[in-house]
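Peer 1: Pasting in a structure now, in structure tokens, and then I'll have a few things to ask.
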Amino acid sequence: MSFPVVRIPEQPKRPTLEGSVAVRDGRRLSFAEYGSPRGPALVWMHGTPGARRQIPVDARAYAAEAGFRIIGIDRPGIGSSTPYLYPNIADWTEDLTLLLDALAVDSVRVIGLSGGGPYALAAGAVLPDRVRGVGVLGGVAPTRGPDAAEGGIIQLAVHAAPLLAATRVPLGVALTGAIRSVKPLAGPALDLYAAVQPAGDKNLLGRPEFKAMFLDDLLNGSRFQTSAPLADLVLFTRDWGFRLEDVRVPVRWWHGDDDHIVPFRHGQHCVDRMPDATMTTIDGESHLGGLGIAHLVMDALIGLGE
């Protein structure tokens, strides 16, 4: 498969469109758009932590070249999205429906990285008439019910869930203040984090365009609040509000075989429980490996449901 030759700038440009949409209960969800405003739509759900601009620079450039429309969405408690804790992950799809209506998007494919994976799967389970396909990049697996996967770092959140639920608001305030205080050191801090990661993530974070994307997303998303990652951890440890067997739209899952955050076996565990799902192993890559194959992921998703 060949791709158009696209020049990748090291510094990410501002989104082509950025704003917020009114959803339920007087809340708002913020979003950022890249690529063609009239092309096939791809909703890109950020990881944990993350925000609406956590979209690879080459994915943005490829979307503009190929005529795709990428929509990144802030979850409640990051960026300009009103803080809120959903009763379960499935409930977020009602907000997604309102956002898609406001942006005049009739049909969509949804991509979820890591902690965004459960939200992407929820969209496929609850909105099968609107979601043509789901892509998951190293997604988190359920921790409750018959779909639960054992082991992995997520079990730390399971044990800490009662404390997180009770203290997520003050913890979010403290986390926001901490990020603001170290803002001038954000670049060196990311370098330090990269230095202790497996080879795959270390190499990706060492690329200037990826480092710039992560820093821009982190600093822009945390300007006002940073409670979304804590809400994610609480929701991951609850029943998700749907079963994996309910995700009947096509699912394409990519997972690094050296993933140290979400074990590869968790990805295979999920894929085996969905009626139309396939697993693609990203050889030698770790947790962020899916970000390095954005062209393949986008093309695979656009081809679903045609």
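By order in the structure tokens, chains are A, B, ...; within a chain, residues start at 1; ligands start at 1, following the order shown.
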Identify, with DSSP run on backbone atoms, the residues in stretch 217-256 of chain A assigned to helix (DSSP H, G or I), and express the list as a compact mmCIF listing (two decimals) with N, CA and C atoms, in the first residue's frame.
Peer 2:
```txt
# COMPACT_ATOMS: atom_id res chain seq x y z
N ASP A 217 -0.70 19.34 23.32
CA ASP A 217 -1.95 18.78 23.83
C ASP A 217 -2.02 18.89 25.35
N LEU A 218 -0.94 18.53 26.03
CA LEU A 218 -0.93 18.57 27.49
C LEU A 218 -1.11 19.98 28.02
N LEU A 219 -0.35 20.91 27.49
CA LEU A 219 -0.38 22.28 28.02
C LEU A 219 -1.68 23.00 27.64
N ASN A 220 -2.19 22.74 26.44
CA ASN A 220 -3.46 23.36 26.05
C ASN A 220 -4.63 22.75 26.82
N GLY A 221 -4.63 21.42 26.94
CA GLY A 221 -5.74 20.76 27.60
C GLY A 221 -5.83 21.02 29.08
N ALA A 228 -10.23 14.95 34.10
CA ALA A 228 -10.66 13.89 33.19
C ALA A 228 -9.91 12.57 33.40
N PRO A 229 -8.57 12.57 33.56
CA PRO A 229 -7.90 11.29 33.76
C PRO A 229 -8.38 10.54 35.00
N LEU A 230 -8.72 11.28 36.05
CA LEU A 230 -9.20 10.64 37.28
C LEU A 230 -10.60 10.06 37.06
N ALA A 231 -11.44 10.78 36.33
CA ALA A 231 -12.77 10.25 36.01
C ALA A 231 -12.64 9.00 35.15
N ASP A 232 -11.70 9.01 34.20
CA ASP A 232 -11.45 7.81 33.38
C ASP A 232 -11.15 6.61 34.26
N LEU A 233 -10.24 6.77 35.20
CA LEU A 233 -9.83 5.65 36.04
C LEU A 233 -11.00 5.11 36.85
N VAL A 234 -11.86 6.01 37.33
CA VAL A 234 -13.04 5.56 38.07
C VAL A 234 -13.95 4.75 37.15
N LEU A 235 -14.20 5.24 35.94
CA LEU A 235 -15.12 4.57 35.03
C LEU A 235 -14.56 3.24 34.53
N PHE A 236 -13.24 3.16 34.35
CA PHE A 236 -12.66 1.90 33.90
C PHE A 236 -12.87 0.78 34.91
N LEU A 244 -18.96 -6.59 25.59
CA LEU A 244 -18.17 -6.60 24.36
C LEU A 244 -18.94 -7.28 23.22
N GLU A 245 -19.74 -8.25 23.53
CA GLU A 245 -20.52 -8.92 22.49
C GLU A 245 -21.57 -7.99 21.88
N ASP A 246 -21.86 -6.87 22.55
CA ASP A 246 -22.80 -5.89 22.02
C ASP A 246 -22.20 -5.03 20.92
```
Peer 1: Give me the stretch 35-106 of chain A side of the contact with stretch 155-166 of chain A, cut-off 12 Å, one line per residue showing its nearest atom pair and distance in Å at one decimal, counting only C-alpha atoms, sorted by chain and residue number, as a tab-separated table.
Peer 2:
```
residue	atom	partner	partner_atom	distance
A:Tyr84	CA	A:Ala165	CA	11.8
A:Leu85	CA	A:Ala165	CA	9.2
A:Tyr86	CA	A:Ala165	CA	11.7
A:Pro87	CA	A:Ala165	CA	11.6
```
Peer 1: Which residue gives the smallest distance to A:Arg60 among A:Gly151, A:Pro250, A:Gly116, A:Gly35, with only C-alpha atoms counted?
Peer 2: A:Gly35
Peer 1: Pick out the residues sitting within 6 Å of A:Arg28, and hand them over as a VMD selection string; count only C-alpha atoms, and ignore anything fewer than 2 positions along from it in its own chain.
Peer 2: chain A and resid 21 to 23 81 to 82
Peer 1: Stretch 126-131 of chain A: which residues within 12 Å, counting only C-alpha atoms, same-chain residues fewer than 3 positions away excluded, as number ranges by chain?
Peer 2: A: 40-43, 89-97, 100-101, 105-111, 119-123, 134-135, 240-251, 301-302, 304-306
Peer 1: How many Å lie between atom CA of A:Pro198 and atom CA of A:Met279, rounded to one decimal?
Peer 2: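 Distance between the two atoms: 21.6 Å.
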Peer 1: From the options A:Pro15, A:Gly26, A:Pro263, A:Gly117, which residue's atoms come nearest to A:Gly152, counting only C-alpha atoms?
Peer 2: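 The shortest atom-to-atom distance to A:Gly152 comes from A:Pro263.
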Peer 1: Between A:Ala294, A:Met274, A:Ala102, A:Leu17, which has the minimum distance to A:Tyr62 (counting only C-alpha atoms)?
Peer 2: A:Ala294
Peer 1: Need the shell around A:Val140: protein/DNA/RNA residues with any atom at most 7 Å away, counting only C-alpha atoms. Skip same-chain ones fewer than 6 positions apart. Format as a PyMOL selection string?
Peer 2: chain A and resi 114-115+117-118+262
Peer 1: Just how far from atom CA of A:Ile55 is atom CA of A:Gly206, in Å to one decimal?
Peer 2: 16.3 Å
Peer 1: Atom CA of A:Ala141 and atom CA of A:Arg24, how far apart in Å?
Peer 2: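 Between these atoms lies a distance of 27.3 Å.
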Peer 1: Between A:Lys13, A:Arg53, A:Arg27, A:His260, single out the one closest to A:Leu288, counting only C-alpha atoms.
Peer 2: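 That would be A:His260, the residue with the smallest distance to A:Leu288.
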Peer 1: Please list as a ChimeraX atom specification every residue within 6 Å of A:Gly256, counting only C-alpha atoms and excluding residues in the same chain fewer than 2 positions away.
Peer 2: /A:258-259,281-282,285-286,289
Peer 1: Write down as an MDAnalysis selection string the residues of stretch 31-205 of chain A whose backbone DSSP state falls under strand (DSSP E or B).
Peer 2: chainID A and resid 31:35 41:45 69:73 78 108:113 131:137
